[in-house]
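final27.txt follows (compact mmCIF, C-alpha atoms):
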```txt
# COMPACT_ATOMS: atom_id res chain seq x y z
CA MET M 1 14.96 17.42 -5.11
CA ASP M 2 17.05 17.81 -8.25
CA TYR M 3 19.01 14.73 -7.21
CA LEU M 4 16.09 12.57 -8.33
CA GLU M 5 17.26 13.15 -11.90
CA SER M 6 20.28 10.93 -11.23
CA ILE M 7 17.98 7.93 -10.91
CA ALA M 8 17.95 7.82 -14.70
CA ARG M 9 21.60 6.73 -14.61
CA VAL M 10 20.65 3.84 -12.35
CA ILE M 11 17.67 2.79 -14.45
CA GLU M 12 19.52 2.66 -17.75
CA ARG M 13 22.05 0.25 -16.20
CA SER M 14 19.47 -1.84 -14.39
CA ARG M 15 19.40 -5.38 -15.77
CA VAL M 16 15.75 -5.84 -14.85
CA PHE M 17 14.90 -3.64 -17.87
CA SER M 18 17.40 -5.24 -20.27
CA GLY M 19 16.60 -4.66 -23.93
CA ARG M 20 13.53 -2.51 -23.24
CA ARG M 21 12.65 1.05 -24.12
CA VAL M 22 11.69 2.61 -20.80
CA PHE M 23 9.51 5.70 -20.38
CA VAL M 24 10.09 7.00 -16.86
CA THR M 25 7.75 9.23 -14.87
CA ILE M 26 8.57 10.11 -11.27
CA ILE M 27 5.52 11.32 -9.35
CA ALA M 28 6.81 13.14 -6.28
CA ASN M 29 4.99 14.71 -3.36
CA PRO M 30 7.13 17.72 -2.35
CA ALA M 31 5.44 17.80 1.09
CA ALA M 32 6.53 14.24 1.93
CA GLY M 33 8.91 13.76 4.84
CA GLY M 34 11.56 12.30 2.56
CA PHE M 35 11.96 15.78 1.10
CA THR M 36 11.02 18.11 3.95
CA ARG M 37 12.83 16.52 6.89
CA LYS M 38 16.50 17.42 6.67
CA LYS M 39 17.77 14.15 8.12
CA ASN M 40 15.58 12.04 5.85
CA ALA M 41 16.38 14.14 2.79
CA ALA M 42 20.12 13.87 3.42
CA TYR M 43 19.85 10.09 3.87
CA ASN M 44 17.87 9.71 0.64
CA LYS M 45 20.25 11.88 -1.32
CA ALA M 46 23.21 9.82 -0.07
CA ALA M 47 21.42 6.53 -0.86
CA LEU M 48 20.77 7.60 -4.44
CA ALA M 49 24.35 8.79 -4.87
CA GLN M 50 25.57 5.39 -3.68
CA ALA M 51 23.26 3.61 -6.13
CA VAL M 52 24.76 5.66 -8.96
CA ARG M 53 28.24 4.60 -7.86
CA ASP M 54 27.11 0.97 -7.66
CA VAL M 55 26.25 0.89 -11.37
CA GLU M 56 29.26 2.87 -12.61
CA GLY M 57 31.17 0.81 -15.12
CA ARG M 58 28.17 -1.29 -16.07
CA ALA M 59 27.04 -1.39 -19.66
CA VAL M 60 23.82 0.41 -20.50
CA ALA M 61 21.09 -2.25 -20.38
CA CYS M 62 18.03 -0.36 -21.65
CA THR M 63 17.05 2.77 -23.52
CA ILE M 64 15.40 5.58 -21.60
CA ALA M 65 13.00 6.94 -24.19
CA SER M 66 11.71 9.71 -21.93
CA PHE M 67 12.23 10.92 -18.39
CA ALA M 68 9.98 13.30 -16.44
CA ILE M 69 9.53 14.37 -12.83
CA GLU M 70 6.04 15.56 -11.89
CA TYR M 71 5.33 17.18 -8.52
CA THR M 72 1.89 16.76 -6.99
CA LYS M 73 0.02 19.88 -5.95
CA ALA M 74 -3.03 18.49 -4.14
CA SER M 75 -4.86 15.33 -3.22
CA GLY M 76 -5.85 13.49 -6.39
CA HIS M 77 -3.10 15.03 -8.53
CA ALA M 78 -0.97 11.86 -8.49
CA ARG M 79 -3.91 9.95 -9.93
CA GLU M 80 -4.32 12.53 -12.72
CA ILE M 81 -0.65 12.28 -13.65
CA ALA M 82 -0.81 8.48 -13.64
CA ASP M 83 -3.91 8.55 -15.85
CA LYS M 84 -1.98 10.50 -18.50
CA VAL M 85 0.86 7.98 -18.39
CA LEU M 86 -1.60 5.15 -18.89
CA VAL M 87 -3.10 6.81 -21.97
CA ALA M 88 0.38 6.94 -23.50
CA ALA M 89 1.11 3.35 -22.45
CA LEU M 90 -1.94 2.09 -24.31
CA ARG M 91 -0.24 3.15 -27.55
CA ALA M 92 3.05 1.49 -26.60
CA ASP M 93 4.94 -1.08 -28.64
CA VAL M 94 5.41 -4.54 -27.18
CA ASN M 95 8.99 -3.73 -26.13
CA ASP M 96 8.07 -0.49 -24.38
CA LEU M 97 7.76 -0.24 -20.62
CA TYR M 98 6.25 2.70 -18.77
CA LEU M 99 7.89 2.92 -15.36
CA ILE M 100 5.98 5.02 -12.81
CA ILE M 101 8.06 5.83 -9.74
CA THR M 102 6.31 7.27 -6.70
CA ALA M 103 8.36 9.45 -4.37
CA GLY M 104 5.95 10.22 -1.56
CA GLY M 105 3.98 8.53 1.17
CA ASP M 106 1.46 5.71 1.10
CA GLY M 107 -1.20 8.13 -0.15
CA THR M 108 0.75 8.94 -3.30
CA SER M 109 1.41 5.29 -4.13
CA LEU M 110 -2.24 4.44 -3.37
CA GLU M 111 -3.48 7.02 -5.89
CA VAL M 112 -1.10 5.83 -8.60
CA GLN M 113 -1.78 2.13 -8.13
CA THR M 114 -5.53 2.70 -7.95
CA SER M 115 -5.32 4.45 -11.32
CA VAL M 116 -3.47 1.46 -12.78
CA ALA M 117 -5.82 -1.10 -11.19
CA ARG M 118 -8.94 0.67 -12.44
CA ALA M 119 -7.57 0.86 -15.97
CA ILE M 120 -6.76 -2.85 -15.98
CA LEU M 121 -9.61 -4.32 -13.94
CA GLU M 122 -12.48 -1.92 -14.62
CA ALA M 123 -11.75 -0.37 -18.02
CA GLY M 124 -10.53 -3.69 -19.41
CA HIS M 125 -7.08 -2.53 -20.56
CA SER M 126 -5.39 -5.78 -19.59
CA SER M 127 -2.36 -5.06 -21.80
CA LEU M 128 -1.29 -2.37 -19.31
CA SER M 129 -0.36 -5.11 -16.88
CA ASP M 130 2.66 -5.86 -19.12
CA ARG M 131 3.33 -2.30 -20.25
CA VAL M 132 3.35 -0.48 -16.91
CA CYS M 133 5.54 -1.06 -13.86
CA VAL M 134 5.28 0.75 -10.53
CA LEU M 135 8.24 1.36 -8.20
CA ARG M 136 7.35 2.89 -4.81
CA LEU M 137 10.13 4.86 -3.15
CA PRO M 138 9.87 5.29 0.67
CA PHE M 139 9.57 9.05 1.01
CA GLY M 140 6.69 9.12 3.52
CA THR M 141 6.41 8.63 7.28
CA GLY M 142 5.06 5.08 7.48
CA ASN M 143 6.29 3.57 4.19
CA ASP M 144 4.36 0.34 4.74
CA GLY M 145 3.28 0.29 1.09
CA SER M 146 6.67 1.11 -0.44
CA ASP M 147 9.22 -1.26 -1.99
CA GLY M 148 11.52 -1.24 1.02
CA ARG M 149 11.34 0.76 4.22
CA LEU M 150 14.48 2.74 3.39
CA LEU M 151 15.60 4.14 0.05
CA ASP M 152 18.84 2.16 -0.12
CA GLN M 153 16.84 -1.07 0.27
CA THR M 154 14.50 -0.02 -2.54
CA LEU M 155 17.29 0.99 -4.89
CA LEU M 156 18.76 -2.51 -4.55
CA LEU M 157 15.86 -3.60 -6.73
CA LEU M 158 17.43 -1.55 -9.53
CA THR M 159 21.09 -2.28 -8.83
CA GLY M 160 20.74 -5.94 -7.81
CA ASP M 161 19.37 -9.17 -9.29
CA SER M 162 15.66 -8.49 -9.73
CA THR M 163 12.70 -9.49 -11.84
CA LEU M 164 9.30 -8.08 -12.79
CA VAL M 165 6.32 -9.75 -11.08
CA LYS M 166 2.60 -9.09 -10.90
CA GLN M 167 0.92 -8.62 -7.55
CA SER M 168 -2.69 -8.72 -6.42
CA ALA M 169 -4.64 -5.98 -4.70
CA VAL M 170 -7.51 -6.00 -2.22
CA ARG M 171 -10.67 -4.77 -3.93
CA ALA M 172 -13.56 -3.70 -1.70
CA TRP M 173 -17.14 -2.62 -2.26
CA GLY M 174 -20.40 -2.18 -0.41
CA GLN M 175 -24.05 -2.08 -1.32
CA GLY M 176 -24.27 1.69 -1.71
CA GLY M 177 -23.15 1.79 -5.33
CA GLU M 178 -20.06 3.92 -4.67
CA GLY M 179 -17.80 1.71 -6.76
CA PHE M 180 -14.61 -0.09 -5.83
CA HIS M 181 -11.86 0.90 -3.43
CA TYR M 182 -8.43 -0.70 -3.61
CA ALA M 183 -5.65 -1.45 -1.17
CA PHE M 184 -2.24 -2.67 -2.29
CA ASN M 185 -1.01 -3.32 1.22
CA ILE M 186 -3.85 -3.62 3.76
CA ALA M 187 -7.57 -2.86 3.97
CA SER M 188 -9.32 -3.00 7.33
CA VAL M 189 -12.31 -1.95 9.38
CA GLY M 190 -12.50 -0.93 13.03
CA LEU M 191 -10.06 0.47 15.54
CA ASP M 192 -7.06 0.83 13.25
CA ALA M 193 -9.16 2.69 10.66
CA PHE M 194 -10.14 5.09 13.45
CA VAL M 195 -6.45 5.55 14.30
CA THR M 196 -5.71 6.21 10.62
CA HIS M 197 -8.53 8.74 10.40
CA MET M 198 -7.38 10.70 13.44
CA THR M 199 -3.72 10.51 12.38
CA ASN M 200 -4.56 11.97 8.97
CA ARG M 201 -6.53 14.80 10.57
CA LEU M 202 -3.54 15.72 12.71
CA LYS M 203 -1.16 15.49 9.77
CA ARG M 204 -2.96 18.35 8.07
CA LEU M 205 -2.03 20.56 11.01
CA PHE M 206 1.23 19.04 12.24
CA PRO M 207 3.28 16.99 9.76
CA GLY M 208 4.70 13.83 11.30
CA ASN M 209 3.89 10.29 12.36
CA PHE M 210 1.08 10.34 14.92
CA TYR M 211 -0.02 6.75 14.42
CA LYS M 212 1.59 5.39 17.57
CA ILE M 213 0.28 8.30 19.67
CA TRP M 214 -3.25 7.84 18.41
CA LEU M 215 -3.06 4.08 18.87
CA ASP M 216 -2.71 4.60 22.62
CA ILE M 217 -5.48 7.20 22.72
CA ALA M 218 -7.78 5.13 20.52
CA CYS M 219 -7.57 2.14 22.85
CA LEU M 220 -9.11 4.36 25.53
CA PHE M 221 -11.75 6.23 23.53
CA TYR M 222 -12.60 4.27 20.40
CA GLY M 223 -15.67 2.67 21.96
CA LYS M 224 -17.15 6.06 22.82
CA PHE M 225 -17.08 7.13 19.15
CA PHE M 226 -17.82 3.72 17.64
CA PRO M 227 -19.32 1.24 20.12
CA VAL M 228 -18.12 -2.27 19.28
CA GLU M 229 -21.01 -4.45 18.14
CA THR M 230 -21.36 -7.96 16.75
CA MET M 231 -19.69 -8.44 13.37
CA PHE M 232 -20.38 -11.33 11.02
CA VAL M 233 -17.34 -12.36 8.96
CA SER M 234 -17.61 -15.01 6.26
CA ALA M 235 -14.41 -16.10 4.49
CA TYR M 236 -14.12 -17.84 1.11
CA ASP M 237 -11.37 -19.44 -0.94
CA LYS M 238 -10.87 -18.73 -4.65
CA SER M 239 -13.51 -21.30 -5.62
CA MET M 240 -15.98 -19.41 -3.39
CA SER M 241 -16.21 -22.26 -0.90
CA VAL M 242 -16.70 -21.12 2.69
CA VAL M 243 -13.52 -21.60 4.72
CA ARG M 244 -14.54 -19.77 7.87
CA GLU M 245 -17.51 -18.07 9.52
CA GLU M 246 -17.25 -16.01 12.67
CA LYS M 247 -19.71 -13.98 14.67
CA GLU M 248 -17.97 -11.89 17.30
CA GLN M 249 -17.57 -8.39 18.66
CA PHE M 250 -14.51 -7.72 16.52
CA LEU M 251 -12.36 -4.71 17.30
CA ILE M 252 -10.61 -4.90 13.93
CA CYS M 253 -10.79 -7.01 10.78
CA VAL M 254 -7.83 -6.79 8.43
CA MET M 255 -7.24 -8.15 4.92
CA GLY M 256 -3.84 -7.91 3.22
CA ALA M 257 -2.93 -8.20 -0.44
CA SER M 258 -0.85 -11.10 0.91
CA GLY M 259 0.51 -12.24 4.22
CA ARG M 260 3.63 -10.77 5.83
CA ARG M 261 2.33 -7.21 5.78
CA THR M 262 2.81 -4.25 8.10
CA TYR M 263 0.89 -1.05 8.68
CA GLY M 264 1.05 1.97 10.97
CA SER M 265 4.82 2.35 10.47
CA ASN M 266 5.97 -1.26 10.62
CA GLN M 267 3.33 -2.76 12.90
CA LYS M 268 3.42 -6.47 11.97
CA ILE M 269 -0.29 -7.08 11.85
CA LEU M 270 0.11 -9.98 9.36
CA PRO M 271 3.39 -11.58 10.46
CA ASP M 272 3.11 -14.84 8.50
CA ASP M 273 1.58 -16.09 5.23
CA ARG M 274 -2.01 -15.71 6.45
CA ASN M 275 -3.62 -12.60 4.93
CA VAL M 276 -6.62 -12.01 7.26
CA CYS M 277 -6.58 -11.03 10.93
CA ALA M 278 -9.61 -10.36 13.12
CA VAL M 279 -9.28 -9.35 16.77
CA ARG M 280 -12.13 -9.66 19.24
CA ASP M 281 -12.85 -6.86 21.70
CA LEU M 282 -11.14 -7.27 25.05
CA PRO M 283 -10.67 -5.44 28.37
CA LEU M 284 -8.57 -2.27 28.34
CA LEU M 285 -5.46 -3.66 30.03
CA LYS M 286 -5.34 -6.68 27.76
CA LYS M 287 -6.05 -4.40 24.79
CA LEU M 288 -2.99 -2.32 25.66
CA ALA M 289 -0.92 -5.47 26.08
CA LEU M 290 -2.01 -6.81 22.71
CA LYS M 291 -1.33 -3.44 21.09
CA SER M 292 2.29 -3.56 22.20
CA ARG M 293 2.70 -7.05 20.70
CA VAL M 294 1.55 -6.03 17.20
CA LYS M 295 4.90 -4.30 16.62
CA THR M 296 6.65 -7.69 16.65
CA GLY M 297 3.77 -9.84 15.41
CA GLU M 298 3.39 -11.58 18.76
CA HIS M 299 -0.30 -10.63 19.00
CA ILE M 300 -1.12 -13.88 17.19
CA SER M 301 -0.51 -15.71 20.49
CA PHE M 302 -3.57 -13.99 22.03
CA SER M 303 -6.72 -16.09 21.99
CA GLU M 304 -8.67 -13.01 20.86
CA ALA M 305 -6.66 -12.81 17.61
CA SER M 306 -7.84 -14.96 14.73
CA LEU M 307 -5.62 -15.32 11.64
CA PHE M 308 -6.46 -17.26 8.49
CA GLU M 309 -6.14 -17.24 4.70
CA ALA M 310 -8.96 -16.12 2.44
CA HIS M 311 -9.57 -14.98 -1.13
CA ARG M 312 -12.73 -13.08 -0.13
CA ILE M 313 -14.29 -11.94 3.13
CA VAL M 314 -17.81 -10.61 3.56
CA ILE M 315 -18.45 -8.39 6.57
CA ASP M 316 -21.91 -7.69 7.93
CA TYR M 317 -22.43 -5.02 10.57
CA ALA M 318 -25.40 -3.03 11.83
CA SER M 319 -23.76 0.33 12.67
CA PRO M 320 -21.43 2.92 11.11
CA ILE M 321 -17.76 1.94 11.18
CA LEU M 322 -14.57 3.24 9.60
CA VAL M 323 -12.66 1.44 6.87
CA GLN M 324 -9.15 2.25 5.66
CA PHE M 325 -7.23 1.43 2.50
CA ASP M 326 -3.44 1.82 2.72
CA GLY M 327 -3.81 4.67 5.20
CA GLU M 328 -6.83 6.43 3.68
CA ALA M 329 -9.95 6.22 5.86
CA HIS M 330 -13.65 6.33 4.90
CA LEU M 331 -16.89 6.00 6.85
CA LEU M 332 -19.12 3.04 6.14
CA THR M 333 -22.78 3.50 7.04
CA GLU M 334 -25.24 0.71 7.71
CA THR M 335 -26.35 0.76 4.06
CA ALA M 336 -22.88 -0.36 2.90
CA PHE M 337 -23.28 -3.83 4.40
CA PRO M 338 -22.71 -6.60 3.57
CA TYR M 339 -19.27 -5.28 2.70
CA VAL M 340 -16.94 -7.33 0.50
CA MET M 341 -13.14 -7.45 0.38
CA GLU M 342 -11.44 -9.79 -2.07
CA LEU M 343 -8.12 -10.38 -3.77
CA THR M 344 -7.88 -9.42 -7.43
CA ASP M 345 -5.98 -11.41 -9.98
CA PRO M 346 -2.32 -10.36 -10.11
CA CYS M 347 -2.38 -7.16 -12.14
CA ILE M 348 0.11 -4.54 -10.88
CA THR M 349 3.64 -5.12 -12.17
CA VAL M 350 6.34 -4.37 -9.59
CA ILE M 351 10.02 -5.19 -9.13
CA ARG M 352 11.13 -7.94 -6.77
CA ALA M 353 14.52 -9.35 -5.83
CA ARG M 354 14.92 -12.84 -7.31
CA HIS M 355 15.79 -14.38 -3.94
CA SER M 356 12.73 -12.97 -2.11
```

Go through the file and emit its structure as structure tokens.
Amino acid sequence: MDYLESIARVIERSRVFSGRRVFVTIIANPAAGGFTRKKNAAYNKAALAQAVRDVEGRAVACTIASFAIEYTKASGHAREIADKVLVAALRADVNDLYLIITAGGDGTSLEVQTSVARAILEAGHSSLSDRVCVLRLPFGTGNDGSDGRLLDQTLLLLTGDSTLVKQSAVRAWGQGGEGFHYAFNIASVGLDAFVTHMTNRLKRLFPGNFYKIWLDIACLFYGKFFPVETMFVSAYDKSMSVVREEKEQFLICVMGASGRRTYGSNQKILPDDRNVCAVRDLPLLKKLALKSRVKTGEHISFSEASLFEAHRIVIDYASPILVQFDGEAHLLTETAFPYVMELTDPCITVIRARHS
């Protein structure tokens, strides 16, 4: 993992940080597949070495004021590290930028971004939106929430023509007073949350990507654990005008931080600019057929799939159901409903290629 230190050479020559003092913290999960799987580790090491070569000969564009690599030791540790960075960033000068780089799976980036979102949106530290930038390296198994599915693609953000932009998150809450949950890729209730839950349970015993395996199994047995009942979904635009109301036996209801999102290791659940997808329950054979089409985004041709744009959705349901946020699942009981998911104002600063 020592090769991560060479990323400093790429950052200081990255034009996206031109003229800034940059305080770099890499938050790495040593158990992530990008480190532990020999093939993945070798690929990542080679990709970073190539990025260093790509910037050789360039003038130094920014000043790296500090550089640290922190390794997570348990669930929640990434959030604690990020919290400390944010405390320092609050004292930053206007020209300072605190760059937090996650080198782990979707869980690591979720913890870090949740820390940033809570500081900005809940604690009221709006200045952090300009002082903190998050770069998510794809070191996990799914990498749906990272900035590029492969490390060489992500590093192009540093070596190529890029800019800093602010992105929205999905913020969700119920009536139980448990506070907000955030998703920076996709939040959803139903079958896919069940798949996520079972996948995560298996990961604790056998590291690897079990999403596709559990997707097949879940199609057969989901209804026995969570019988599909009528779900009320009301959708609103940013002015809080109703844009859609549906009352169906929905198998899943998904909301993305934007359209064109994937989950479950590149399953194209939101293949176009629409950021909400709800799928009605359907017979087993058709369910299996639809499942196979999600990989390519062709599920939107099924009459049971409903896609639309919304700023907020309100879900009402009369039974327990699972919800997931960027691959982390939770159980919602009847007391959580009505359950709200909505887009926040753009608040998390990330790096994007200028042409994208």

query = M:Val94: which residues within 10 Å, counting only C-alpha atoms, same-chain residues fewer than 4 positions away excluded, as a list in words?
reply = Arg20, Arg21, Ser127, Asp130 and Arg131 of chain M

message = I'd like to know which of M:Tyr98, M:Phe250, M:Phe180, M:Tyr317 is closest to M:Leu128, using all atoms listed in the file.
response =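 The shortest atom-to-atom distance to M:Leu128 comes from M:Tyr98.
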
inquiry  = Counting only C-alpha atoms, which residue out of M:Asp273, M:Glu328, M:Asp345, M:Asp54 sits closest to M:Thr196?
reply    =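 Comparing M:Asp273, M:Glu328, M:Asp345, M:Asp54 against M:Thr196, the winner is M:Glu328.
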
task = For stretch 332-340 of chain M, list every protein, DNA or RNA residue within 8 Å, evaluated using all atoms listed in the file, and leave out those in the same chain fewer than 2 positions away; present the list as a list in words.
result = Ala172, Trp173, Gly174, Gln175, Gly176, Arg312, Ile313, Val314, Ile315, Asp316, Tyr317, Ala318, Ser319, Pro320, Ile321, Leu322, Val323, His330 and Glu342 of chain M

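You can rank M:Asn185, M:Ser6, M:Thr159, M:Gln167 by their closest distance to M:Val134 using only C-alpha atoms, and at the top of that list sits M:Gln167.
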
ask   = What is the atom CA of M:Ile217-atom CA of M:Ala32 distance in Å, reported with one decimal?
value = 25.0 Å

Need the shell around stretch 251-264 of chain M: protein/DNA/RNA residues with any atom at most 7 Å away, counting only C-alpha atoms. Skip same-chain ones fewer than 4 positions apart. Format as a PDB file with C-alpha atoms, in the coordinates of the input?
```
ATOM      1  CA  GLY M 142       5.060   5.080   7.480  1.00  0.00           C
ATOM      2  CA  ASP M 144       4.360   0.340   4.740  1.00  0.00           C
ATOM      3  CA  SER M 168      -2.690  -8.720  -6.420  1.00  0.00           C
ATOM      4  CA  ALA M 169      -4.640  -5.980  -4.700  1.00  0.00           C
ATOM      5  CA  VAL M 170      -7.510  -6.000  -2.220  1.00  0.00           C
ATOM      6  CA  PHE M 184      -2.240  -2.670  -2.290  1.00  0.00           C
ATOM      7  CA  ASN M 185      -1.010  -3.320   1.220  1.00  0.00           C
ATOM      8  CA  ILE M 186      -3.850  -3.620   3.760  1.00  0.00           C
ATOM      9  CA  ALA M 187      -7.570  -2.860   3.970  1.00  0.00           C
ATOM     10  CA  SER M 188      -9.320  -3.000   7.330  1.00  0.00           C
ATOM     11  CA  VAL M 189     -12.310  -1.950   9.380  1.00  0.00           C
ATOM     12  CA  GLY M 190     -12.500  -0.930  13.030  1.00  0.00           C
ATOM     13  CA  LEU M 191     -10.060   0.470  15.540  1.00  0.00           C
ATOM     14  CA  ASP M 192      -7.060   0.830  13.250  1.00  0.00           C
ATOM     15  CA  TYR M 211      -0.020   6.750  14.420  1.00  0.00           C
ATOM     16  CA  VAL M 228     -18.120  -2.270  19.280  1.00  0.00           C
ATOM     17  CA  LYS M 268       3.420  -6.470  11.970  1.00  0.00           C
ATOM     18  CA  ILE M 269      -0.290  -7.080  11.850  1.00  0.00           C
ATOM     19  CA  LEU M 270       0.110  -9.980   9.360  1.00  0.00           C
ATOM     20  CA  PRO M 271       3.390 -11.580  10.460  1.00  0.00           C
ATOM     21  CA  ASP M 272       3.110 -14.840   8.500  1.00  0.00           C
ATOM     22  CA  ASP M 273       1.580 -16.090   5.230  1.00  0.00           C
ATOM     23  CA  ARG M 274      -2.010 -15.710   6.450  1.00  0.00           C
ATOM     24  CA  ASN M 275      -3.620 -12.600   4.930  1.00  0.00           C
ATOM     25  CA  VAL M 276      -6.620 -12.010   7.260  1.00  0.00           C
ATOM     26  CA  CYS M 277      -6.580 -11.030  10.930  1.00  0.00           C
ATOM     27  CA  ALA M 278      -9.610 -10.360  13.120  1.00  0.00           C
ATOM     28  CA  VAL M 279      -9.280  -9.350  16.770  1.00  0.00           C
ATOM     29  CA  ARG M 280     -12.130  -9.660  19.240  1.00  0.00           C
ATOM     30  CA  ASP M 281     -12.850  -6.860  21.700  1.00  0.00           C
ATOM     31  CA  LEU M 343      -8.120 -10.380  -3.770  1.00  0.00           C
TER      32      LEU M 343
END
```

query = Interatomic distance between atom CA of M:Glu229 and atom CA of M:Glu248?
reply =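 Separating atom CA of M:Glu229 from atom CA of M:Glu248 is a distance of 8.1 Å.
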
inquiry  = I'd like the interatomic distance between atom CA of M:Leu282 and atom CA of M:Gln249, to a tenth of an Å.
reply    =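 Atom CA of M:Gln249 lies 9.1 Å from atom CA of M:Leu282.
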
Padding 8 Å on each side, edges along x, y and z: where is the centre of the box around the listed atoms of stretch 89-107 of chain M, and how long are its edges in Å to one decimal? Output it as lines of an AutoDock Vina configuration file.
```
center_x = 3.5
center_y = 2.8
center_z = -13.7
size_x = 26.9
size_y = 30.8
size_z = 45.8
```

inquiry  = Given only C-alpha atoms as the basis, pick out the residue of M:Glu246, M:Val116, M:Leu331, M:Ala59 nearest to M:Ser129.
reply    = M:Val116

task = Name the closest residue to M:Glu5 among the candidates M:Val165, M:Ala88, M:Ile26, M:Ala47; distances are taken between atoms, counting all atoms listed in the file.
result =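 Ranked by minimum distance to M:Glu5, first place goes to M:Ile26.
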
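Shortest separation to M:Ile101 among M:Gly177, M:Gly297, M:Pro138, M:Gly327 occurs at residue M:Pro138, atoms counted being all atoms listed in the file.
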